[in-house]
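Engineer: Dumping the structure here so I can ask a few things about it.
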Amino acid sequence: MKIAAPRVRLKPLSVLVSIATLTLGALSTAHASPQLDRLESLLAATPEGGWVKANVGTFSEAWATGSTAVPLSSYRNPASIVSAWSSFAWDSTRGDLLLWGGGHANYAGNEIYVWDANSGDWSRGSLPSRIDSNFFVVDSAAPQSSHTYENNLYLPVNGVFLTFGGAAFQSGGSFQNFDGNNITPSGPWVWDPTKADPNKVGGTTGSGWDPSTEGGQMWTDRYAQSPANTPANFINAATAYRSENGKDVVYVSVDQGSSGFYSLYRYIVGDVKSGGMDTWEKIGVMANTAANGGSGTIDTKNNLFIRTAAVGGRYTSNLAVWDLNKANPSDPNSNLDIGIQLVDEAGNPFPMTSRFGIEYDKKNGQILLWDGSEQGTVWTVTPQYDANGKLLTTWVVKKLISTTFTQPDGNFSTGVLGKWNYIEELDAFMALNEFSNTTGDAEVWLYKPFSTTTTTPPPNGGTVDEPGMAALLLASLGILGVARRRRNTAA
């Protein structure tokens with residue numbers, strides 16, 4: 001097993017001070033840019049609409065072993081961190097993929113894993129905490145392992161990893177702490193990447209499976225900083241992040257009562273390092289669609305929160321959409337979801353499921369869907385408006401077959417969920433493939449999207465250019481060559 005030493009990176013730090021900031025007597029520090037030269041080189045050699053594998057080492061090389069590993073024979077396989085209803089976060093400050101999960105009846109370990117984009121290697125960010133006979137973390141200084149659905153995110157303003165969890169180990173419910181007498185709610189939890197150490201447990205000294213292991217005190221429980229209206233259940237939640245007014249803000253579509261009807265919340269994170277308070281606002285409810293798992297994104301151009309929906313019974317919509325311009329915390333019932341039906345270019349219903357990952361390409365103004373089936377096939381769609389700027393309820397999806405022969409295998413056992421993310425610094429998508437017992441790896445892939453123009457009128461009723469069909473046609477001709485080579489190889 002490869003044990004990675006704690007990484008120290010020397011990066012330029014730029015401090016920008018504005019006149020307004022000086023007037024207030026405050027100093028604003030800009031985040032250092034991550035080292036992405038290696039990924040940029042990989043993408044430069046990849047055609048639009050194609051895939052490239054980005055990792056060098058394997059995920060399993062970073063696993064804990066021996067006295068530091070989880071000893072429960074039935075629940076000791078870290079592969080479940082990937083395969084059991086999971087997600088990753090992109091640390092845009094350091095250029096790292098952050099992976100944490102497991103949970104319920106799958107994996108008991110709560111260690112975090114780090115994939116370094118600059119080197120292509122995996123390492124551990126911590127060692128797993130010891131759990132007691134009731135399956136609680138012994139020091140309550142780190143979260144229970146949990147399914148994470150699409151609930152792992154990075155908060156660049158605070159510079160921390162955030163997880164809402166979902167189905168915690170053994171209980172299958174939300175995060176909890178136990179002090180020996182009382183069980184109390186906990187979470188959300190944040191993890192400080194600057195404290196990452198592969199040889200320290202995430203909580204306090206003595207809380208590892210090897211009691212002599214030093215603690216890194218890497219985690220912070222935000223429950224005390226969250227008001228009483230924090231959602232109690234994050235199972236199957238769909239989330240999306242953006243910075244607003246200098247704050248980390250997460251939009252969370254969550255079903256509190258397992259009813260299939262999700263409410264939309266806005267979670268505004270305070271200053272984590274100083275113990276600042278968080279704010280939860282319920283800003284919309286679901287009435288026209290239903291859902292069961294899946295993922296979400298924000299169309300920043302049209303200010304829409306979009307999540308996958310569930311087709312069944314009287315509900316025929318593939319997507320649930322909330323107009324964030326109408327967000328009203330004082331009356332969330334005034335902001336109802338809009339059901340969207342997806343059809344292919346021939347007008348046939350699109351077979352959408354909760355297995356899809358969905359992300360918005362900010363540069364090219366398009367939504368890309370990927371479920372891992374047909375390997376590298378991706379689907380693109382843009383919100384459709386009429387001439388008066390009214391959002392239409394039927395959108396056309398276009399199929400984009402991979403332009404490269406190499407591509408991820410897909411075949412996810414529990415869905416893509418949060419393993420498909422748009423990386424703005426690269427204008428590319430990052431995907432974490434399903435774990436393979438054969439290779440001991442969960443491959444990291446990059447997808448280079450087609451450069452397209454917006455295909456629909458903006459909400460103000462103006463006009464835009466038609467899509468770049470010439471580029472798509474050229475790509476399709478290349479695809480035919482790829483398909484021909486595949487048939488020859490198969491023969």
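Note on naming: chains are A, B, ... as they come in the structure tokens, residues start from 1 per chain, ligands start from 1 in the order shown.
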Please report, as a tab-separated table, each residue of region 361-467 of chain A lying at most 9 Å from region 89-110 of chain A, together with the nearest pair of atoms and the separation in Å rounded to one decimal; use only C-alpha atoms, and order rows by chain and ascending residue number.
Structural biologist:
```
residue	atom	partner	partner_atom	distance
A:Gly418	CA	A:Ala89	CA	8.2
A:Lys419	CA	A:Ala89	CA	8.4
A:Asn421	CA	A:Trp90	CA	7.8
A:Ile423	CA	A:Trp90	CA	7.6
A:Glu424	CA	A:Ser92	CA	8.9
A:Glu425	CA	A:Ser92	CA	7.9
A:Met430	CA	A:Trp90	CA	8.9
```
Engineer: Mind writing the picked residues with C-alpha atoms as a PDB file, in the first residue's frame?
Structural biologist:
```pdb
ATOM      1  CA  GLY A 418     -22.897  13.350  -7.360  1.00  0.00           C
ATOM      2  CA  LYS A 419     -20.077  11.649  -9.253  1.00  0.00           C
ATOM      3  CA  ASN A 421     -19.338  17.619 -11.720  1.00  0.00           C
ATOM      4  CA  ILE A 423     -15.155  22.075 -13.253  1.00  0.00           C
ATOM      5  CA  GLU A 424     -15.345  25.752 -14.149  1.00  0.00           C
ATOM      6  CA  GLU A 425     -11.571  26.269 -14.090  1.00  0.00           C
ATOM      7  CA  MET A 430     -15.132  15.414 -14.075  1.00  0.00           C
TER       8      MET A 430
END
```
Engineer: Would you list the contacts of Ser119 (chain A) as a PyMOL selection string, taking every protein, DNA or RNA residue within 8 Å and counting only C-alpha atoms, but skipping same-chain residues closer than 3 positions in sequence?
Structural biologist: chain A and resi 38+56+116
Engineer: How about saving the chosen residues, C-alpha atoms kept, as a CSV table (one decimal), in the first residue's frame?
Structural biologist:
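Saved result, result13.csv, follows:
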```csv
chain,number,residue,atom,x,y,z
A,38,ARG,CA,-1.6,18.4,-16.1
A,56,VAL,CA,-2.5,7.6,-12.5
A,116,ASP,CA,-4.6,15.2,-6.5
```
Engineer: Dump as JSON lines the rows for residues of region 191-269 of chain A within 8 Å of region 274-294 of chain A: closest atom pair and distance in Å with one decimal, only C-alpha atoms counted, ordered by chain and rising residue number.
Structural biologist:
```
{"residue": "A:Gln225", "atom": "CA", "partner": "A:Met277", "partner_atom": "CA", "distance": 4.6}
{"residue": "A:Ser226", "atom": "CA", "partner": "A:Asp278", "partner_atom": "CA", "distance": 5.1}
{"residue": "A:Pro227", "atom": "CA", "partner": "A:Thr279", "partner_atom": "CA", "distance": 6.8}
{"residue": "A:Asn229", "atom": "CA", "partner": "A:Trp280", "partner_atom": "CA", "distance": 6.5}
{"residue": "A:Thr230", "atom": "CA", "partner": "A:Trp280", "partner_atom": "CA", "distance": 6.1}
{"residue": "A:Ile235", "atom": "CA", "partner": "A:Gly293", "partner_atom": "CA", "distance": 7.8}
{"residue": "A:Asn236", "atom": "CA", "partner": "A:Gly293", "partner_atom": "CA", "distance": 4.2}
{"residue": "A:Ala237", "atom": "CA", "partner": "A:Gly293", "partner_atom": "CA", "distance": 6.4}
{"residue": "A:Ala238", "atom": "CA", "partner": "A:Gly294", "partner_atom": "CA", "distance": 6.4}
{"residue": "A:Gly260", "atom": "CA", "partner": "A:Ala291", "partner_atom": "CA", "distance": 5.2}
{"residue": "A:Phe261", "atom": "CA", "partner": "A:Ala290", "partner_atom": "CA", "distance": 5.3}
{"residue": "A:Tyr262", "atom": "CA", "partner": "A:Met286", "partner_atom": "CA", "distance": 5.4}
{"residue": "A:Ser263", "atom": "CA", "partner": "A:Val285", "partner_atom": "CA", "distance": 4.3}
{"residue": "A:Leu264", "atom": "CA", "partner": "A:Gly284", "partner_atom": "CA", "distance": 4.9}
{"residue": "A:Tyr265", "atom": "CA", "partner": "A:Lys282", "partner_atom": "CA", "distance": 4.4}
{"residue": "A:Arg266", "atom": "CA", "partner": "A:Glu281", "partner_atom": "CA", "distance": 5.1}
{"residue": "A:Tyr267", "atom": "CA", "partner": "A:Trp280", "partner_atom": "CA", "distance": 4.7}
{"residue": "A:Ile268", "atom": "CA", "partner": "A:Thr279", "partner_atom": "CA", "distance": 5.0}
{"residue": "A:Val269", "atom": "CA", "partner": "A:Asp278", "partner_atom": "CA", "distance": 4.7}
```
Engineer: Point out the residue among A:Glu48, A:Asp409, A:Asp427, A:Asp248 with the least atom-to-atom distance to Asp361 (chain A), counting only C-alpha atoms.
Structural biologist: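 For Asp361 (chain A), the nearest of the candidates is A:Asp427.
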Engineer: So that I can see what lies close to Phe234 (chain A), please list as a ChimeraX atom specification the residues with an atom at most 10 Å from it, counting only C-alpha atoms and leaving out residues fewer than 4 positions away in the same chain.
Structural biologist: /A:147-151,164-167,173-175,238,252-256
Engineer: Can you write out the residues you just picked, keeping N, CA and C atoms, as a PDB file, in the first residue's frame?
Structural biologist:
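Saved file selection_31.pdb follows:
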```
ATOM      1  N   HIS A 147     -24.105   7.219   3.424  1.00  0.00           N
ATOM      2  CA  HIS A 147     -24.373   7.448   2.014  1.00  0.00           C
ATOM      3  C   HIS A 147     -24.430   8.962   1.825  1.00  0.00           C
ATOM      4  N   THR A 148     -23.943   9.435   0.697  1.00  0.00           N
ATOM      5  CA  THR A 148     -23.907  10.888   0.516  1.00  0.00           C
ATOM      6  C   THR A 148     -24.742  11.388  -0.656  1.00  0.00           C
ATOM      7  N   TYR A 149     -25.305  10.472  -1.482  1.00  0.00           N
ATOM      8  CA  TYR A 149     -26.162  10.895  -2.591  1.00  0.00           C
ATOM      9  C   TYR A 149     -25.464  12.027  -3.360  1.00  0.00           C
ATOM     10  N   GLU A 150     -26.034  13.243  -3.367  1.00  0.00           N
ATOM     11  CA  GLU A 150     -25.332  14.376  -3.985  1.00  0.00           C
ATOM     12  C   GLU A 150     -25.017  15.418  -2.915  1.00  0.00           C
ATOM     13  N   ASN A 151     -24.666  14.950  -1.721  1.00  0.00           N
ATOM     14  CA  ASN A 151     -24.571  15.828  -0.558  1.00  0.00           C
ATOM     15  C   ASN A 151     -23.153  16.196  -0.146  1.00  0.00           C
ATOM     16  N   PHE A 164     -23.675  16.818   4.033  1.00  0.00           N
ATOM     17  CA  PHE A 164     -24.944  16.705   4.751  1.00  0.00           C
ATOM     18  C   PHE A 164     -25.211  15.255   5.165  1.00  0.00           C
ATOM     19  N   GLY A 165     -24.423  14.301   4.613  1.00  0.00           N
ATOM     20  CA  GLY A 165     -24.695  12.901   4.880  1.00  0.00           C
ATOM     21  C   GLY A 165     -25.975  12.451   4.212  1.00  0.00           C
ATOM     22  N   GLY A 166     -26.598  11.438   4.791  1.00  0.00           N
ATOM     23  CA  GLY A 166     -27.827  10.900   4.219  1.00  0.00           C
ATOM     24  C   GLY A 166     -28.305   9.722   5.033  1.00  0.00           C
ATOM     25  N   ALA A 167     -27.790   8.531   4.698  1.00  0.00           N
ATOM     26  CA  ALA A 167     -28.126   7.319   5.446  1.00  0.00           C
ATOM     27  C   ALA A 167     -26.879   6.876   6.199  1.00  0.00           C
ATOM     28  N   GLY A 173     -30.189   6.607   9.018  1.00  0.00           N
ATOM     29  CA  GLY A 173     -30.796   7.921   9.171  1.00  0.00           C
ATOM     30  C   GLY A 173     -29.777   9.029   9.134  1.00  0.00           C
ATOM     31  N   SER A 174     -30.140  10.165   9.712  1.00  0.00           N
ATOM     32  CA  SER A 174     -29.276  11.342   9.703  1.00  0.00           C
ATOM     33  C   SER A 174     -28.154  11.205  10.717  1.00  0.00           C
ATOM     34  N   PHE A 175     -27.187  12.128  10.643  1.00  0.00           N
ATOM     35  CA  PHE A 175     -26.071  12.135  11.575  1.00  0.00           C
ATOM     36  C   PHE A 175     -26.550  12.247  13.017  1.00  0.00           C
ATOM     37  N   ALA A 238     -30.787  16.415  -3.525  1.00  0.00           N
ATOM     38  CA  ALA A 238     -30.057  16.931  -4.681  1.00  0.00           C
ATOM     39  C   ALA A 238     -29.606  18.345  -4.338  1.00  0.00           C
ATOM     40  N   VAL A 252     -30.610  23.077  -1.711  1.00  0.00           N
ATOM     41  CA  VAL A 252     -30.822  21.688  -1.339  1.00  0.00           C
ATOM     42  C   VAL A 252     -32.278  21.314  -1.585  1.00  0.00           C
ATOM     43  N   SER A 253     -32.494  20.326  -2.441  1.00  0.00           N
ATOM     44  CA  SER A 253     -33.830  19.792  -2.683  1.00  0.00           C
ATOM     45  C   SER A 253     -33.952  18.506  -1.876  1.00  0.00           C
ATOM     46  N   VAL A 254     -34.805  18.527  -0.853  1.00  0.00           N
ATOM     47  CA  VAL A 254     -34.830  17.436   0.117  1.00  0.00           C
ATOM     48  C   VAL A 254     -36.269  17.055   0.456  1.00  0.00           C
ATOM     49  N   ASP A 255     -36.462  15.779   0.683  1.00  0.00           N
ATOM     50  CA  ASP A 255     -37.778  15.228   1.031  1.00  0.00           C
ATOM     51  C   ASP A 255     -37.787  14.891   2.515  1.00  0.00           C
ATOM     52  N   GLN A 256     -38.514  15.649   3.296  1.00  0.00           N
ATOM     53  CA  GLN A 256     -38.485  15.462   4.739  1.00  0.00           C
ATOM     54  C   GLN A 256     -39.229  14.226   5.214  1.00  0.00           C
TER      55      GLN A 256
END
```
Engineer: Could you name the residues that touch Glu214 (chain A) at 9 Å or less, counting only C-alpha atoms, but leaving out those on the same chain fewer than 3 positions away, as an NGL selection string?
Structural biologist: :A and (199-201 or 203-208 or 211)
Engineer: Just to be explicit: take each residue in the selection above, keep N, CA and C atoms, and write the result as a CSV table (one decimal), in the first residue's frame.
Structural biologist:
```csv
chain,number,residue,atom,x,y,z
A,199,ASN,N,-2.0,9.8,8.2
A,199,ASN,CA,-1.6,9.0,9.3
A,199,ASN,C,-2.3,9.5,10.6
A,200,LYS,N,-3.2,10.4,10.5
A,200,LYS,CA,-4.0,10.9,11.7
A,200,LYS,C,-5.5,10.6,11.5
A,201,VAL,N,-6.1,10.3,12.6
A,201,VAL,CA,-7.5,10.1,12.6
A,201,VAL,C,-8.2,11.5,12.5
A,203,GLY,N,-10.7,12.8,14.0
A,203,GLY,CA,-11.2,13.4,15.2
A,203,GLY,C,-10.0,13.7,16.2
A,204,THR,N,-10.2,13.3,17.4
A,204,THR,CA,-9.2,13.5,18.5
A,204,THR,C,-8.2,12.4,18.6
A,205,THR,N,-7.1,12.7,19.3
A,205,THR,CA,-6.1,11.6,19.6
A,205,THR,C,-6.8,10.5,20.4
A,206,GLY,N,-6.5,9.3,20.0
A,206,GLY,CA,-7.1,8.1,20.7
A,206,GLY,C,-8.4,7.6,20.2
A,207,SER,N,-9.0,8.3,19.2
A,207,SER,CA,-10.3,7.9,18.6
A,207,SER,C,-10.2,7.0,17.4
A,208,GLY,N,-9.0,6.6,17.0
A,208,GLY,CA,-8.8,5.7,15.9
A,208,GLY,C,-8.9,4.3,16.3
A,211,PRO,N,-5.7,3.0,19.2
A,211,PRO,CA,-5.8,4.1,20.1
A,211,PRO,C,-4.6,5.0,20.2
```
Engineer: As JSON, numbers by chain, please: the residues near region 242-245 of chain A (cut-off 12 Å, only C-alpha atoms, same-chain neighbours under 4 positions excluded).
Structural biologist: {"A": [153, 154, 155, 156, 157, 158, 249, 250, 251, 252, 266, 267, 268, 269, 270, 297, 298, 299, 300, 303, 305, 360, 362, 424]}
Engineer: Restricting the calculation to only C-alpha atoms: of A:Ala141, A:Ala240, A:Ala431, A:Leu39, which residue gets closest to Met218 (chain A)?
Structural biologist: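 For Met218 (chain A), the nearest of the given residues is A:Ala141.
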